[in-house]
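Accompanying notes for the structure given below.
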Amino acid sequence: MSTFSRSAVMRLESFPLAQETLGILSIGFLGLVGYLIFPEDLAFLTRLISITLLVLSLDLVTGYCGVATLGQAVLYGVSAYAVGNAAIAGIGDPILLLLIGLGAGILMGLVSGVLITRFRGLPQLVLSIAFGQLVTALCNKLSTLTGGSDGLAGITPAPVFGIFHFDMYSRTAFVFSLIILAIVFVSLLRFVRSPFGLLCRGIRDDDLRVQMIGATVYPRLIIMYGVSGAVAGVGGALNAITAGVVGLDSVGFERSAEVLVMLVLGGAGNLWGALFGSIIFQIFGHYVSSTNPFHWMTLVGLLLILVVVFVPRGLSHGVAVLWSRLIKREARQ
């Protein structure tokens, strides 16, 4: 982190709840801008928010703990299926469905965390891929619970608080998702600055040193996986509630790889980077794919190459460095 970034963070942390307030204002502002730019496509923004939650969950285990994984979508997709089955079984309250998704995400996070965090490096990455492929195959076979390759449909949630109906223009879904994102993001801003969050950063930087001071690494990684599962579970629940369908793509390898790209684009180990990386990637993909549906992945690949070559620590770090240089130049003048 640059000198300016460190001093800016120190000044910001000197105000109580400054980061939390900034988080709420930023998400509110982004939501307003998104509503003005995409007034006829709020379903896209709602999906963007649910995927952003998945990127934030990946940042917890990869950015803050250094866990290499390509199976994060499992936590998201299984929660979406759990919510879909609960809704079809007659549970319509969106808040209760969110809690079901959160619980399913925690359970899947703990299960996958117990398995994946036992190893480091390449074996860990391979295990995460294998675990994801196994769950995807099970979702395809268990068609009575998941709908198989056709997906799970017929998810019709009740009005939020019994008042706000989910309309065909996705206005309720968008506002509901935006509020949930703000709550989760602010909670995570507090969580990553807690002693537990700081210890996880220590594990990422040097797990041997953490063990030398008497802290155990493995249980903390499992707990962080559980928290990550909770965030991903909320994202999966939002996707099921607002889209009304859940498909195999929600647990697939492609989804896991996609969110990892978003995290690298924004900057791992920084919740703001995960937030902006997810937004930039999805909006860029949305525009490019609508302009050139056959070669849009080529342009996305070119963007990623440029980002990795010129700002390997992500766009958030690049913007901080650029801002620092501008301030120093003005000070010299």
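Just remember, in the structure tokens the first chain shown is A, the second B, etc., residues are 1-based per chain, and ligands are 1-based in the order shown.
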Would you please extract all alpha helix (DSSP H) residues from segment 48-93 of chain A, as assigned by DSSP on the backbone, and give them as a VMD selection string? chain A and resid 48 to 58 73 to 88
With C-alpha atoms retained, write the just-selected residues as a PDB file, in the first residue's frame.
ATOM      1  CA  LEU A  48     -24.817  -8.127 -10.776  1.00  0.00           C
ATOM      2  CA  ILE A  49     -25.431  -7.637  -7.054  1.00  0.00           C
ATOM      3  CA  SER A  50     -25.822 -11.358  -6.339  1.00  0.00           C
ATOM      4  CA  ILE A  51     -22.572 -12.106  -8.211  1.00  0.00           C
ATOM      5  CA  THR A  52     -20.843  -9.276  -6.329  1.00  0.00           C
ATOM      6  CA  LEU A  53     -21.664 -11.043  -3.080  1.00  0.00           C
ATOM      7  CA  LEU A  54     -19.978 -14.158  -4.448  1.00  0.00           C
ATOM      8  CA  VAL A  55     -16.866 -12.131  -5.345  1.00  0.00           C
ATOM      9  CA  LEU A  56     -16.789 -10.664  -1.829  1.00  0.00           C
ATOM     10  CA  SER A  57     -16.997 -14.170  -0.373  1.00  0.00           C
ATOM     11  CA  LEU A  58     -14.094 -15.285  -2.544  1.00  0.00           C
ATOM     12  CA  ALA A  73     -19.451 -21.189  -6.887  1.00  0.00           C
ATOM     13  CA  VAL A  74     -20.417 -24.374  -5.042  1.00  0.00           C
ATOM     14  CA  LEU A  75     -21.270 -22.331  -1.938  1.00  0.00           C
ATOM     15  CA  TYR A  76     -23.363 -19.987  -4.049  1.00  0.00           C
ATOM     16  CA  GLY A  77     -25.158 -22.577  -6.168  1.00  0.00           C
ATOM     17  CA  VAL A  78     -26.034 -25.044  -3.422  1.00  0.00           C
ATOM     18  CA  SER A  79     -27.554 -22.207  -1.388  1.00  0.00           C
ATOM     19  CA  ALA A  80     -29.585 -21.150  -4.419  1.00  0.00           C
ATOM     20  CA  TYR A  81     -30.891 -24.713  -4.810  1.00  0.00           C
ATOM     21  CA  ALA A  82     -31.740 -24.881  -1.084  1.00  0.00           C
ATOM     22  CA  VAL A  83     -33.709 -21.644  -1.333  1.00  0.00           C
ATOM     23  CA  GLY A  84     -35.420 -22.824  -4.522  1.00  0.00           C
ATOM     24  CA  ASN A  85     -36.580 -26.054  -2.896  1.00  0.00           C
ATOM     25  CA  ALA A  86     -37.757 -24.187   0.199  1.00  0.00           C
ATOM     26  CA  ALA A  87     -39.755 -21.771  -1.942  1.00  0.00           C
ATOM     27  CA  ILE A  88     -41.328 -24.608  -3.956  1.00  0.00           C
TER      28      ILE A  88
END
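Neighbours of Gly121 of chain A closer than or equal to 12 Å, with only C-alpha atoms counted and sequence neighbours fewer than 2 positions away skipped, come out as Thr62, Gly66, Val67, Ala68, Thr69, Ile116, Thr117, Arg118, Phe119, Pro123, Gln124, Leu125, Val126, Leu127, Ser128 and Arg204 of chain A.
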Gly273 of chain A environment, 10 Å, only C-alpha atoms, sequence neighbours closer than 5 positions dropped, as a PyMOL selection string: chain A and resi 55-56+59+262-268+278-279+313-317
Selected residue, from A:Gly113, A:Gly105, A:Gly269, A:Gly229, that lies nearest to Gly202 of chain A when counting only C-alpha atoms: A:Gly269
Find the residues around Phe164 of chain A up to 12 Å (only C-alpha atoms counted), leave out those fewer than 2 positions away in its own chain, and share them as a compact mmCIF listing (two decimals) with N, CA, C and O atoms, in the first residue's frame.
# COMPACT_ATOMS: atom_id res chain seq x y z
N ASP A 93 -41.58 -16.25 2.48
CA ASP A 93 -41.01 -15.04 3.06
C ASP A 93 -39.58 -14.83 2.58
O ASP A 93 -38.70 -15.65 2.84
N PRO A 94 -39.28 -13.72 1.88
CA PRO A 94 -37.92 -13.52 1.34
C PRO A 94 -36.84 -13.48 2.43
O PRO A 94 -35.72 -13.94 2.20
N PRO A 157 -41.37 -16.01 -4.61
CA PRO A 157 -41.36 -15.51 -3.23
C PRO A 157 -42.55 -14.60 -2.94
O PRO A 157 -43.12 -13.98 -3.85
N ALA A 158 -42.89 -14.51 -1.66
CA ALA A 158 -43.97 -13.62 -1.22
C ALA A 158 -43.45 -12.17 -1.21
O ALA A 158 -42.24 -11.93 -1.32
N PRO A 159 -44.36 -11.20 -1.05
CA PRO A 159 -43.90 -9.79 -0.96
C PRO A 159 -42.98 -9.58 0.25
O PRO A 159 -43.12 -10.24 1.28
N VAL A 160 -42.04 -8.65 0.08
CA VAL A 160 -41.12 -8.32 1.17
C VAL A 160 -41.91 -7.63 2.29
O VAL A 160 -42.61 -6.65 2.04
N PHE A 161 -41.81 -8.16 3.50
CA PHE A 161 -42.57 -7.68 4.67
C PHE A 161 -44.07 -7.69 4.41
O PHE A 161 -44.83 -6.94 5.04
N GLY A 162 -44.50 -8.52 3.45
CA GLY A 162 -45.92 -8.61 3.14
C GLY A 162 -46.47 -7.39 2.39
O GLY A 162 -47.68 -7.28 2.20
N PHE A 166 -42.75 -8.52 -5.72
CA PHE A 166 -41.70 -8.61 -6.76
C PHE A 166 -42.37 -8.41 -8.11
O PHE A 166 -43.09 -9.28 -8.60
N ASP A 167 -42.14 -7.26 -8.72
CA ASP A 167 -42.81 -6.90 -9.96
C ASP A 167 -42.00 -7.36 -11.18
O ASP A 167 -40.82 -7.72 -11.07
N SER A 170 -38.58 -5.69 -11.98
CA SER A 170 -37.48 -5.96 -11.04
C SER A 170 -37.14 -4.78 -10.15
O SER A 170 -36.02 -4.70 -9.63
N ARG A 171 -38.08 -3.86 -9.97
CA ARG A 171 -37.78 -2.72 -9.09
C ARG A 171 -37.63 -3.18 -7.65
O ARG A 171 -36.66 -2.80 -6.96
N THR A 172 -38.56 -3.96 -7.17
CA THR A 172 -38.47 -4.46 -5.80
C THR A 172 -37.24 -5.33 -5.62
O THR A 172 -36.53 -5.22 -4.61
N ALA A 173 -36.99 -6.19 -6.59
CA ALA A 173 -35.82 -7.09 -6.50
C ALA A 173 -34.53 -6.28 -6.44
O ALA A 173 -33.61 -6.61 -5.67
N PHE A 174 -34.45 -5.20 -7.22
CA PHE A 174 -33.23 -4.39 -7.24
C PHE A 174 -33.01 -3.69 -5.91
O PHE A 174 -31.91 -3.74 -5.34
N VAL A 175 -34.05 -3.03 -5.40
CA VAL A 175 -33.90 -2.31 -4.12
C VAL A 175 -33.62 -3.29 -2.98
O VAL A 175 -32.76 -3.04 -2.13
N PHE A 176 -34.33 -4.39 -2.97
CA PHE A 176 -34.12 -5.41 -1.94
C PHE A 176 -32.68 -5.92 -1.98
O PHE A 176 -31.99 -6.01 -0.95
List every residue of segment 252-322 of chain A that has an atom at most 10 Å from any atom of segment 182-189 of chain A, and for each one report the closest atom pair and its distance in Å to one decimal, counting only C-alpha atoms, with rows sorted by chain and then by increasing residue number, as CSV.
residue,atom,partner,partner_atom,distance
A:Asn270,CA,A:Leu189,CA,9.5
A:Leu271,CA,A:Leu189,CA,7.3
A:Trp272,CA,A:Leu189,CA,9.1
A:Leu275,CA,A:Phe185,CA,8.8
Please indicate the distance in Å from atom CA of Thr46 of chain A to atom CA of Leu30 of chain A, rounded to one decimal place. 12.6 Å
